[in-house]
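S.K.: First the structure, then my questions, so here it is.
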Amino acid sequence: MSRILTKVCLVLAVVLTGLVTVGAGPAAADGGSPVGRFDELTSSLPGTINVRGWAFDESAPAAVIPIHVYVIAPGHQEIHVIRTGKARPDVQAVHGVGANSGFSEAISVRARGQVEVRVYGIDVQAPGGNVLLGTRSVSVGDPDPILQVDSVVSNAHQTVQVEGIAFDPSEYLRPVQVHVYVGGRAGQPGVEGPFVTLADKQREPVITGGFALTFHTQNLWADQPVYVYAVNHGEGVDTVVGPTMVNIKRDTTAPPAPSIVRGPGASASAGTVTFEFTVDEPSPRFQCRWDERGWESCESPVSRPLEAGEHTFDVRAIDLAGLVGPFNRQRFTLTGTTSGQPPGNGGPGDESGPGKPRVKVRAVDRGSKLQVRVTPARNAVSYRFVVQRKVGSTWRRVARSATRGKAEKRVLDLRRGRYRVVLTAQHGLPAQRSATVRLRR
């Protein structure tokens, strides 16, 4: 962490100050050679230098001339060509010529750290020769992202966790993207990635470039190389750290049976039954089964309304590898309301019969509202139903609702027309439809 803090301080120092060293004065005239001066050198952004000055060729004082900029660092030298052509009225006032002799350019450079910059005016017309306009030095910051990978671990089936710090000196306040590849570098055959995150988490009071990424591989496990890239903003190139070797775990053991931590006990009253369960397995999925009617996805806690009688509840876990573990079963008995239903009365529109619920509708409040009533009335059980209105020769759904409480009644305020109610299949009972009733407003 101290290395990162040191780099942050250096980056800020370069950005704010440029660390400029002043060079020599104007180059003297030499019988037709260029005349000029290297006025200023700064580095306001990492990877960039700014040069400013003026020059003209005595043999052709109105001509735009080339300026060669040499950037020199230990073991490194690069040359950049710029040109004059910018207005310099101060030069014209002194020399009587050179109205457009100025040069001022921002140059992207490959050199880093303390560099020496030499600027030459290039002779364009004989007699004469090229002239050194001045030498200056400046500290150039590294524009490439700074990346530190703190840890690469695998603690679960084909799962990798990567943590570290990344930021770009070119745009220090803008978080960089971090790309992670497993199995090799980006673009290599068989590599998985990129797995992407943003380095925007606070790690220290002055650093907001922290990142923590967890991802799952598809076909890679055992010892694998991991490469982490910090994606560059603006000047510079991506920074890569790697390979970091990690042993990616592969789970071949199914999870244990979940523990049921809360349930109705061996005997309880009929109604809504709730179970809570847990398992010692990272990020499991669960499946539940009631009375052996088929497995379905579930989460703890899970609830279901049940009638009186003997019941079973089963729960099992599925791990990240897709391995299905054994189930845990609890048997219990509910007492109270039985599942037997009174027979229908055979009236008009009554489609109920033995073992079926009965739904009745009638107009109340002087025929302006629809009352829905379902029997048998059962505590802690509600019936869901759909209201249909006849439009022409078809029935259209206009509302959904449900009964509440022991009375199992509901009153709905609807517009005038002909209505009926459809009771959907629920609580182990079949669907049923009511007779038709007319509402008047």
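Lettering and numbering for the structure tokens are positional, with chains as A, B, ... in the shown order, residues counted from 1 in each chain, and ligands counted from 1 in the shown order.
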Select from stretch 219-398 of chain A everything DSSP, run on the backbone, classes as strand (DSSP E or B), then give the selection as a PyMOL selection string.
M.R.: chain A and resi 222-230+239-248+259-262+267-269+271-278+285-290+296-298+302-306+309-318+324+328-335+358-364+369-375+384-391+394-398
S.K.: Stretch 152-167 of chain A: which residues within 7 Å, counting only C-alpha atoms, same-chain residues fewer than 3 positions away excluded, as a PyMOL selection string?
M.R.: chain A and resi 145-149+172+175-176+199+209-217+221+230+246-251+320-321
S.K.: If you measure from atom CA of A:Ile49 to atom CA of A:Val237, what distance in Å do you get, rounded to one decimal?
M.R.: 17.2 Å
S.K.: Mind dumping a table of every stretch 108-151 of chain A residue within 12 Å of stretch 84-102 of chain A, with the nearest atom pair and its distance in Å to one decimal, using only C-alpha atoms, sorted by chain and rising number, as JSON lines?
M.R.:
{"residue": "A:Tyr120", "atom": "CA", "partner": "A:Thr84", "partner_atom": "CA", "distance": 11.7}
{"residue": "A:Gly121", "atom": "CA", "partner": "A:Thr84", "partner_atom": "CA", "distance": 9.4}
{"residue": "A:Ile122", "atom": "CA", "partner": "A:Thr84", "partner_atom": "CA", "distance": 10.5}
S.K.: Between atom CA of A:Glu116 and atom CA of A:Val64, what is the distance in Å, rounded to a tenth?
M.R.: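 Atom-to-atom, atom CA of A:Glu116 and atom CA of A:Val64 are spaced 25.4 Å apart.
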S.K.: Restricting the calculation to only C-alpha atoms: of A:Val398, A:Val240, A:Leu412, A:Ala222, which residue gets closest to A:Val180?
M.R.: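 Once distances to A:Val180 are computed over only C-alpha atoms, the minimum belongs to A:Val240.
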S.K.: When you look at A:Gly294 with a cut-off of 12 Å (counting only C-alpha atoms), what residues show up, excluding the ones that are within fewer than 5 positions of it in the same chain? I need them as a VMD selection string.
M.R.: chain A and resid 287 to 289 312 to 315
S.K.: Stretch 88-133 of chain A: which residues are helix (DSSP H, G or I) by DSSP, as an NGL selection string?
M.R.: :A and (89-95)
S.K.: Hey, which of A:Gln188, A:Gln114, A:Thr48, A:Gln177 ends up closest to A:Thr239? Count only C-alpha atoms.
M.R.: A:Gln177
S.K.: Which residues come within 9 Å of A:Gly242, counting only C-alpha atoms, excluding same-chain residues fewer than 6 positions away, as a list in words?
M.R.: Gly184, Arg185, Pro225, Val226, Tyr227, Val228 and Tyr229 of chain A
